[in-house]
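The file work_11.txt comes next; it holds compact mmCIF, C-alpha atoms and all ligand atoms.
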```
# COMPACT_ATOMS: atom_id res chain seq x y z
CA MET G 1 16.95 69.80 -22.18
CA LYS G 2 13.95 70.83 -20.18
CA GLU G 3 11.83 69.46 -22.97
CA LEU G 4 13.69 66.18 -22.95
CA LEU G 5 13.08 65.90 -19.23
CA ASN G 6 9.39 66.63 -19.55
CA LYS G 7 9.04 64.02 -22.24
CA LEU G 8 10.90 61.52 -20.13
CA LYS G 9 8.63 62.26 -17.21
CA GLU G 10 5.56 61.69 -19.28
CA THR G 11 6.59 58.44 -20.93
CA SER G 12 8.20 56.95 -17.85
CA LEU G 13 5.28 57.68 -15.52
CA SER G 14 2.74 56.31 -17.96
CA SER G 15 4.73 53.11 -18.53
CA VAL G 16 5.10 52.59 -14.78
CA LEU G 17 1.34 52.89 -14.39
CA LYS G 18 0.86 50.31 -17.11
CA ALA G 19 3.39 47.80 -15.76
CA GLU G 20 1.71 44.46 -15.08
CA SER G 21 4.30 42.45 -13.19
CA PRO G 22 7.07 43.01 -10.65
CA GLU G 23 9.60 41.94 -13.31
CA GLU G 24 8.31 44.48 -15.78
CA LEU G 25 8.47 47.14 -13.07
CA GLU G 26 12.05 46.30 -12.22
CA ASN G 27 13.06 46.49 -15.89
CA LEU G 28 11.50 49.94 -16.11
CA ARG G 29 13.31 51.05 -12.99
CA VAL G 30 16.63 50.07 -14.54
CA LYS G 31 15.66 51.66 -17.81
CA TYR G 32 14.83 55.05 -16.29
CA LEU G 33 16.63 55.33 -12.97
CA GLY G 34 19.51 52.88 -13.35
CA LYS G 35 23.19 53.90 -13.67
CA LYS G 36 22.92 53.73 -17.43
CA GLY G 37 19.29 54.81 -17.40
CA GLU G 38 17.69 57.61 -19.38
CA LEU G 39 17.49 60.13 -16.54
CA THR G 40 21.12 59.64 -15.65
CA SER G 41 22.24 60.10 -19.24
CA ILE G 42 20.40 63.41 -19.44
CA LEU G 43 21.94 64.57 -16.20
CA LYS G 44 25.39 63.68 -17.51
CA GLN G 45 25.02 66.38 -20.13
CA MET G 46 24.46 69.13 -17.54
CA GLY G 47 28.14 70.07 -17.52
CA LYS G 48 27.62 72.08 -20.67
CA LEU G 49 24.98 74.32 -19.08
CA SER G 50 25.28 77.75 -17.47
CA ASP G 51 25.11 77.88 -13.69
CA GLU G 52 21.60 79.22 -13.74
CA ASP G 53 20.35 76.58 -16.20
CA ARG G 54 22.10 73.85 -14.29
CA ARG G 55 20.24 74.86 -11.14
CA VAL G 56 16.86 74.86 -12.88
CA ILE G 57 17.44 71.61 -14.77
CA GLY G 58 18.91 69.96 -11.68
CA GLN G 59 15.83 70.81 -9.71
CA ALA G 60 13.56 69.54 -12.45
CA ALA G 61 15.53 66.30 -12.73
CA ASN G 62 15.36 65.73 -8.99
CA SER G 63 11.66 66.27 -8.91
CA ILE G 64 11.24 63.83 -11.80
CA ARG G 65 13.33 61.29 -9.95
CA ALA G 66 11.24 61.78 -6.82
CA SER G 67 7.92 61.40 -8.59
CA LEU G 68 9.19 58.43 -10.55
CA GLU G 69 10.33 56.73 -7.37
CA GLU G 70 6.99 57.45 -5.80
CA ALA G 71 5.23 55.98 -8.86
CA PHE G 72 7.31 52.82 -8.67
CA GLU G 73 6.57 52.44 -5.00
CA SER G 74 2.82 52.91 -5.34
CA ARG G 75 2.61 50.62 -8.39
CA LYS G 76 4.47 47.96 -6.42
CA ASN G 77 2.02 48.28 -3.55
CA GLN G 78 -0.90 48.05 -5.91
CA MET G 79 0.47 44.83 -7.33
CA TYR G 80 1.07 43.39 -3.90
CA GLU G 81 -2.47 44.21 -2.81
CA LYS G 82 -3.94 42.70 -5.94
CA LEU G 83 -1.99 39.53 -5.32
CA LEU G 84 -3.06 39.43 -1.71
CA ASP G 85 -6.70 39.90 -2.70
CA LEU G 86 -6.40 37.04 -5.13
CA ARG G 87 -4.83 34.79 -2.53
CA LEU G 88 -7.45 35.63 0.05
CA LYS G 89 -10.15 34.87 -2.46
CA LEU G 90 -8.57 31.56 -3.41
CA GLU G 91 -7.94 30.50 0.15
CA THR G 92 -11.19 31.50 1.76
CA THR G 93 -12.97 28.83 3.69
CA ASP G 94 -16.68 29.09 3.60
CA VAL G 95 -17.53 28.14 7.14
CA THR G 96 -21.21 27.90 6.28
CA VAL G 97 -20.75 24.92 3.91
CA PRO G 98 -21.81 21.72 5.68
CA GLY G 99 -18.79 19.53 6.56
CA SER G 100 -18.14 16.20 4.88
CA LYS G 101 -18.49 13.38 7.34
CA MET G 102 -15.54 11.05 7.87
CA ARG G 103 -16.69 7.53 7.17
CA ILE G 104 -15.33 5.08 9.67
CA GLY G 105 -14.62 1.72 8.06
CA LYS G 106 -15.40 -1.71 9.41
CA LYS G 107 -13.43 -4.85 9.92
CA HIS G 108 -13.00 -6.59 6.56
CA PRO G 109 -14.47 -10.11 6.34
CA VAL G 110 -10.96 -11.49 5.73
CA SER G 111 -9.76 -9.82 8.93
CA ILE G 112 -12.80 -11.08 10.82
CA ILE G 113 -11.89 -14.67 9.94
CA ILE G 114 -8.17 -14.20 10.66
CA ASP G 115 -8.93 -12.69 14.08
CA GLU G 116 -11.38 -15.47 14.90
CA VAL G 117 -8.90 -18.20 13.97
CA LYS G 118 -6.16 -16.40 15.90
CA ASP G 119 -8.40 -16.32 18.99
CA ILE G 120 -9.15 -20.02 18.73
CA PHE G 121 -5.47 -20.97 18.49
CA ILE G 122 -4.24 -18.51 21.08
CA GLY G 123 -6.75 -20.21 23.38
CA MET G 124 -4.93 -23.50 22.69
CA GLY G 125 -1.53 -22.04 23.61
CA PHE G 126 -0.32 -21.01 20.14
CA THR G 127 1.55 -17.80 19.40
CA VAL G 128 1.35 -15.79 16.19
CA ALA G 129 4.40 -15.62 13.90
CA ASP G 130 5.04 -13.39 10.92
CA GLY G 131 7.04 -13.96 7.74
CA PRO G 132 7.95 -11.93 4.65
CA GLU G 133 5.73 -11.89 1.56
CA THR G 134 8.84 -11.49 -0.61
CA GLU G 135 10.54 -14.78 0.04
CA LEU G 136 13.65 -16.71 -0.95
CA ALA G 137 13.16 -19.79 -3.13
CA LYS G 138 15.21 -21.55 -0.47
CA TYR G 139 12.41 -21.08 2.05
CA ASN G 140 9.46 -21.22 -0.32
CA PHE G 141 10.60 -24.42 -2.06
CA ASP G 142 13.96 -26.04 -1.24
CA LYS G 143 13.61 -26.32 2.50
CA LEU G 144 9.99 -27.40 2.04
CA ASN G 145 11.31 -30.43 0.18
CA HIS G 146 10.39 -29.28 -3.34
CA ASP G 147 13.15 -30.53 -5.61
CA GLU G 148 14.66 -28.56 -8.48
CA ASN G 149 12.03 -29.78 -10.98
CA HIS G 150 8.91 -29.63 -8.86
CA PRO G 151 6.03 -28.29 -11.01
CA ALA G 152 5.05 -25.70 -8.38
CA ARG G 153 8.32 -23.87 -9.19
CA ASP G 154 7.16 -23.20 -12.73
CA ARG G 155 7.41 -19.60 -13.93
CA GLN G 156 3.82 -20.03 -15.09
CA ASP G 157 2.64 -20.30 -11.50
CA THR G 158 4.98 -18.17 -9.44
CA PHE G 159 5.89 -14.47 -9.42
CA TYR G 160 9.69 -14.35 -9.53
CA PHE G 161 11.67 -11.18 -8.86
CA SER G 162 15.10 -12.21 -10.05
CA GLU G 163 16.47 -13.75 -13.22
CA ASP G 164 17.97 -16.61 -11.26
CA ASP G 165 14.56 -17.38 -9.67
CA ASN G 166 15.96 -16.99 -6.16
CA ILE G 167 13.51 -14.32 -4.97
CA LEU G 168 9.74 -14.57 -5.35
CA LEU G 169 6.38 -13.71 -3.88
CA ARG G 170 5.66 -16.57 -1.50
CA THR G 171 3.19 -19.06 -2.92
CA SER G 172 1.93 -20.15 0.50
CA THR G 173 2.49 -19.34 4.17
CA SER G 174 4.45 -22.60 4.59
CA PRO G 175 7.91 -20.91 4.39
CA VAL G 176 7.08 -19.42 7.79
CA GLN G 177 7.33 -23.00 9.14
CA ILE G 178 10.99 -23.03 8.12
CA ARG G 179 11.72 -19.56 9.45
CA VAL G 180 10.17 -20.43 12.81
CA MET G 181 11.96 -23.78 13.11
CA GLU G 182 15.30 -22.16 12.25
CA MET G 183 14.81 -19.52 14.92
CA ARG G 184 13.28 -21.50 17.76
CA SER G 185 13.72 -24.93 19.19
CA PRO G 186 10.78 -27.17 20.15
CA PRO G 187 8.25 -27.13 21.67
CA ILE G 188 6.79 -24.98 18.89
CA ARG G 189 3.13 -24.00 18.56
CA VAL G 190 2.57 -21.18 16.09
CA ILE G 191 0.10 -19.96 13.54
CA SER G 192 0.95 -17.43 10.87
CA PRO G 193 -1.65 -15.58 8.83
CA GLY G 194 -0.68 -13.58 5.75
CA ARG G 195 -0.88 -12.87 2.04
CA VAL G 196 0.27 -15.33 -0.61
CA TYR G 197 0.61 -15.00 -4.38
CA ARG G 198 0.08 -17.23 -7.40
CA LYS G 199 -0.19 -16.49 -11.10
CA ASP G 200 -3.89 -17.23 -11.31
CA GLU G 201 -6.37 -15.48 -13.56
CA VAL G 202 -8.99 -13.58 -11.57
CA ASP G 203 -12.40 -15.26 -11.44
CA ALA G 204 -15.16 -15.99 -8.91
CA THR G 205 -12.92 -18.35 -6.93
CA HIS G 206 -9.35 -17.33 -7.88
CA SER G 207 -7.17 -14.32 -7.25
CA PRO G 208 -3.41 -13.81 -7.76
CA MET G 209 -3.29 -12.66 -4.12
CA PHE G 210 -5.09 -14.34 -1.28
CA HIS G 211 -4.66 -15.12 2.41
CA GLN G 212 -3.67 -18.26 4.24
CA ILE G 213 -3.20 -19.19 7.85
CA GLU G 214 -0.34 -21.57 8.49
CA GLY G 215 -0.09 -23.71 11.61
CA LEU G 216 2.89 -25.61 13.00
CA VAL G 217 3.37 -27.78 16.06
CA VAL G 218 6.69 -29.50 16.83
CA ASP G 219 7.35 -31.37 20.05
CA LYS G 220 8.24 -34.80 21.40
CA GLY G 221 5.64 -37.44 20.60
CA ILE G 222 3.33 -35.40 18.34
CA THR G 223 1.09 -37.73 16.29
CA MET G 224 -1.62 -37.61 13.65
CA GLY G 225 -4.04 -37.84 16.62
CA ASP G 226 -2.88 -34.37 17.75
CA LEU G 227 -3.38 -33.08 14.25
CA LYS G 228 -6.93 -34.42 14.10
CA GLY G 229 -7.83 -33.22 17.57
CA THR G 230 -6.50 -29.72 16.97
CA LEU G 231 -8.13 -29.27 13.59
CA ASN G 232 -11.44 -30.78 14.73
CA THR G 233 -11.41 -28.21 17.52
CA LEU G 234 -10.86 -25.45 14.99
CA ILE G 235 -13.73 -26.65 12.84
CA GLU G 236 -16.10 -27.11 15.76
CA ARG G 237 -15.39 -23.59 16.95
CA LEU G 238 -15.91 -22.19 13.49
CA TYR G 239 -18.90 -24.24 12.34
CA GLY G 240 -20.46 -25.55 15.53
CA SER G 241 -20.01 -28.76 17.51
CA ASP G 242 -22.15 -30.85 15.17
CA ALA G 243 -19.92 -30.09 12.17
CA LYS G 244 -18.66 -33.35 10.66
CA THR G 245 -15.16 -33.61 9.20
CA ARG G 246 -13.48 -35.98 6.82
CA PHE G 247 -9.72 -36.54 6.51
CA ARG G 248 -8.71 -37.49 2.98
CA PRO G 249 -5.23 -38.73 1.98
CA HIS G 250 -3.34 -36.21 -0.10
CA HIS G 251 0.21 -35.25 -1.04
CA PHE G 252 2.38 -32.31 -0.04
CA PRO G 253 6.17 -32.49 -0.45
CA PHE G 254 6.80 -31.16 3.07
CA THR G 255 4.41 -33.37 5.04
CA GLU G 256 4.23 -37.14 5.27
CA PRO G 257 1.62 -38.47 5.57
CA SER G 258 -0.49 -35.62 4.18
CA CYS G 259 -4.22 -35.08 4.10
CA GLU G 260 -6.90 -32.68 3.09
CA ILE G 261 -9.72 -31.99 5.50
CA ASP G 262 -13.29 -31.52 4.38
CA VAL G 263 -16.23 -30.36 6.40
CA GLN G 264 -19.67 -31.76 5.72
CA CYS G 265 -21.69 -29.20 3.80
CA PHE G 266 -23.57 -27.04 6.29
CA GLU G 267 -26.03 -26.00 3.60
CA CYS G 268 -27.39 -29.46 2.73
CA GLY G 269 -26.02 -31.59 5.56
CA GLY G 270 -24.18 -33.84 3.12
CA GLU G 271 -27.04 -34.45 0.70
CA GLY G 272 -25.35 -32.50 -2.09
CA CYS G 273 -26.28 -29.01 -3.22
CA ARG G 274 -25.10 -25.96 -5.13
CA VAL G 275 -22.81 -24.77 -2.34
CA CYS G 276 -20.84 -28.05 -2.18
CA LYS G 277 -21.17 -28.69 -5.89
CA ASN G 278 -23.12 -31.87 -5.08
CA GLU G 279 -20.15 -33.34 -3.20
CA GLY G 280 -21.75 -33.19 0.24
CA TRP G 281 -18.33 -32.08 1.52
CA ILE G 282 -16.37 -28.85 1.33
CA GLU G 283 -12.57 -28.82 1.24
CA LEU G 284 -11.24 -26.66 4.06
CA LEU G 285 -7.54 -27.19 4.56
CA GLY G 286 -4.34 -29.03 3.78
CA ALA G 287 -2.33 -30.65 6.54
CA GLY G 288 0.10 -33.39 7.44
CA MET G 289 2.92 -34.59 9.66
CA VAL G 290 6.05 -32.48 9.13
CA HIS G 291 8.37 -34.45 6.81
CA PRO G 292 11.54 -35.68 8.57
CA TYR G 293 13.62 -34.06 5.78
CA VAL G 294 12.08 -30.72 6.65
CA LEU G 295 12.76 -31.14 10.37
CA GLU G 296 16.37 -32.21 9.76
CA GLY G 297 16.89 -29.36 7.26
CA CYS G 298 16.07 -26.93 10.09
CA GLY G 299 18.40 -28.65 12.52
CA THR G 300 15.68 -30.55 14.41
CA ASP G 301 16.40 -34.17 15.29
CA SER G 302 13.58 -36.13 13.66
CA ARG G 303 14.22 -39.15 15.90
CA VAL G 304 13.37 -37.06 18.95
CA TYR G 305 10.83 -34.61 17.60
CA SER G 306 7.81 -34.84 15.34
CA GLY G 307 5.21 -32.32 14.32
CA PHE G 308 2.20 -31.45 12.25
CA ALA G 309 1.42 -28.52 10.00
CA PHE G 310 -1.63 -27.18 8.24
CA GLY G 311 -2.67 -24.39 5.94
CA VAL G 312 -6.11 -22.89 5.43
CA GLY G 313 -7.35 -20.48 2.77
CA VAL G 314 -8.92 -17.46 4.45
CA GLU G 315 -11.01 -16.12 1.55
CA ARG G 316 -12.58 -19.51 1.15
CA MET G 317 -13.59 -19.60 4.80
CA ALA G 318 -14.93 -16.06 4.60
CA MET G 319 -16.97 -16.88 1.50
CA ARG G 320 -18.50 -19.87 3.22
CA ARG G 321 -19.11 -18.14 6.48
CA PHE G 322 -20.76 -15.08 4.98
CA ASN G 323 -22.28 -16.70 1.89
CA ILE G 324 -20.24 -14.58 -0.51
CA PRO G 325 -20.78 -15.89 -4.04
CA ASP G 326 -17.81 -14.19 -5.72
CA LEU G 327 -14.27 -13.80 -4.37
CA ARG G 328 -13.79 -10.52 -6.24
CA MET G 329 -16.29 -8.80 -3.95
CA LEU G 330 -13.72 -9.08 -1.16
CA TYR G 331 -11.28 -6.81 -3.00
CA GLU G 332 -13.54 -4.16 -4.51
CA ASN G 333 -13.66 -1.92 -1.43
CA ASP G 334 -17.33 -1.24 -2.06
CA MET G 335 -18.78 0.04 1.21
CA ARG G 336 -22.25 -1.17 0.25
CA PHE G 337 -20.80 -4.67 0.37
CA LEU G 338 -18.43 -4.23 3.31
CA ASP G 339 -21.05 -2.52 5.48
CA GLN G 340 -22.90 -5.83 5.74
CA PHE G 341 -20.39 -7.52 8.02
N1 LIG G 401 0.96 -24.97 1.83
C1 LIG G 401 -0.14 -25.83 1.44
C2 LIG G 401 -0.93 -25.14 0.32
O1 LIG G 401 -0.77 -23.97 0.12
C3 LIG G 401 -1.04 -26.13 2.60
C4 LIG G 401 -0.37 -26.94 3.67
C5 LIG G 401 0.22 -26.32 4.75
C6 LIG G 401 -0.35 -28.31 3.60
C7 LIG G 401 0.83 -27.07 5.74
C8 LIG G 401 0.24 -29.08 4.58
C9 LIG G 401 0.83 -28.44 5.64
O2 LIG G 401 -1.71 -25.76 -0.35
```

Translate this structure into structure tokens?
Ligand code: PHE
Amino acid sequence: MKELLNKLKETSLSSVLKAESPEELENLRVKYLGKKGELTSILKQMGKLSDEDRRVIGQAANSIRASLEEAFESRKNQMYEKLLDLRLKLETTDVTVPGSKMRIGKKHPVSIIIDEVKDIFIGMGFTVADGPETELAKYNFDKLNHDENHPARDRQDTFYFSEDDNILLRTSTSPVQIRVMEMRSPPIRVISPGRVYRKDEVDATHSPMFHQIEGLVVDKGITMGDLKGTLNTLIERLYGSDAKTRFRPHHFPFTEPSCEIDVQCFECGGEGCRVCKNEGWIELLGAGMVHPYVLEGCGTDSRVYSGFAFGVGVERMAMRRFNIPDLRMLYENDMRFLDQF
């Protein structure tokens, strides 16, 4: 029996020293010291021994148990220290490495234009309204007097969210006109900048996402004269007091009459050049008198009130202002480009 014990001592101690993981160690503990472990099963046979032998073997067994327990404990500590060392190594911060500098961004050219236009209109007594980019077809089309079959509703042109085509990414900021008129009664003077979406292929002048600024005025006695005066003021502020404008008849379903407004090319002064594609004029915005159907649809009495609305493309203005040849540059987040503004 003594021999058995000695053998057990040898093998158990050496396997504890070789254990690599806490799990392995625990398995060994069960194997040797557990209720059904090897040491216990040897001790169970002690009943057969003489008193003297039992004393000697008992002592030996206890000392084995003690040294085994000690071995387990010290192996466990070793493992813990090794782990701690590893963690400390992994988590050290080398305070002598030079820090990486936080780059502070700049105002994006699109934001510069939006803020400038906001300032100009706030100075004329306008407030700024906001509307959702995910819009209902009701606001994006129906209430803007687009009938069921209007080509702008085509799935080719518009990002729809639902099978029934009721929810979509707004194709212009004009639905904000409706939302504002439904919420407030005249006098109304608001602008609303924001993102709009169309299924366009990306090229130097097109992007499926771009920005517009919508404007809406509704009050008693508003005329096309107010429209011209307001928009001429905008253009003068943006392009200088000698900027010449041209109002061209156009069609929008939600304004009547409608127009597009061009500014005389600031590059060639109207002679015709690369910038204006030899037109002498550059198209800046769409506008018109709010259609009586639209007013009535929002609960506004079109015999008492009239209004005008306009929409400008922000990227276009930014490209002209800063001489940016390709729209895509605005979305590339290249600091070498953005740093220039
Ligand atoms: N929503 C029109 C567009 O995106 C612009 C517009 C706005 C025209 C308001 C008239 C009045 O082209």

Taking all atoms listed in the file into account, produce a table as a Markdown table in which each residue of chain G with an atom at most 8 Å from an atom of ligand LIG 401 (chain G) appears once, together with its shortest atom pair and the distance in Å to one decimal, ordered by chain and rising number.
```
| residue | atom | partner | partner_atom | distance |
| --- | --- | --- | --- | --- |
| G:Thr171 | CA | G:LIG401 | O1 | 7.0 |
| G:Ser172 | CA | G:LIG401 | O1 | 4.7 |
| G:Thr173 | CA | G:LIG401 | N1 | 6.3 |
| G:Ser174 | CA | G:LIG401 | N1 | 5.0 |
| G:Gln212 | CA | G:LIG401 | O1 | 7.6 |
| G:Glu214 | CA | G:LIG401 | C5 | 6.1 |
| G:Gly215 | CA | G:LIG401 | C7 | 6.8 |
| G:Leu216 | CA | G:LIG401 | C7 | 7.7 |
| G:Phe252 | CA | G:LIG401 | C8 | 6.0 |
| G:Phe254 | CA | G:LIG401 | C8 | 7.0 |
| G:Thr255 | CA | G:LIG401 | C8 | 6.0 |
| G:Ser258 | CA | G:LIG401 | C8 | 6.6 |
| G:Cys259 | CA | G:LIG401 | C8 | 7.5 |
| G:Glu260 | CA | G:LIG401 | C6 | 7.9 |
| G:Leu285 | CA | G:LIG401 | C3 | 6.9 |
| G:Gly286 | CA | G:LIG401 | C6 | 4.1 |
| G:Ala287 | CA | G:LIG401 | C8 | 3.6 |
| G:Gly288 | CA | G:LIG401 | C8 | 5.2 |
| G:Met289 | CA | G:LIG401 | C9 | 7.6 |
| G:Val290 | CA | G:LIG401 | C9 | 7.5 |
| G:Phe308 | CA | G:LIG401 | C9 | 7.4 |
| G:Ala309 | CA | G:LIG401 | C9 | 4.4 |
| G:Phe310 | CA | G:LIG401 | C7 | 3.5 |
| G:Gly311 | CA | G:LIG401 | C5 | 3.7 |
| G:Val312 | CA | G:LIG401 | C3 | 6.6 |
| G:Gly313 | CA | G:LIG401 | O1 | 7.9 |
```

key: Shortest interatomic distance to Arg328 in chain G - which of G:Gly307, G:Gly270, G:Pro208, G:Pro292, counting only C-alpha atoms   =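 When distances to Arg328 in chain G are compared using only C-alpha atoms, the smallest one comes from G:Pro208.
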
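Across the model, the gap from CA of Val314 in chain G to CA of Ile113 in chain G is 6.8 Å.
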
Per-axis box centre and lengths in Å around range 115-124 of chain G, 5 Å margin per side, axis-aligned, as lines of an AutoDock Vina configuration file:
```
center_x = -7.8
center_y = -18.1
center_z = 18.7
size_x = 17.1
size_y = 20.8
size_z = 19.4
```

Neighbour list for Glu73 in chain G as number ranges by chain, cut-off 12 Å, only C-alpha atoms, skip fewer than 3 positions in-chain = G: 13, 16-17, 22, 25-26, 29, 66-70, 76-80
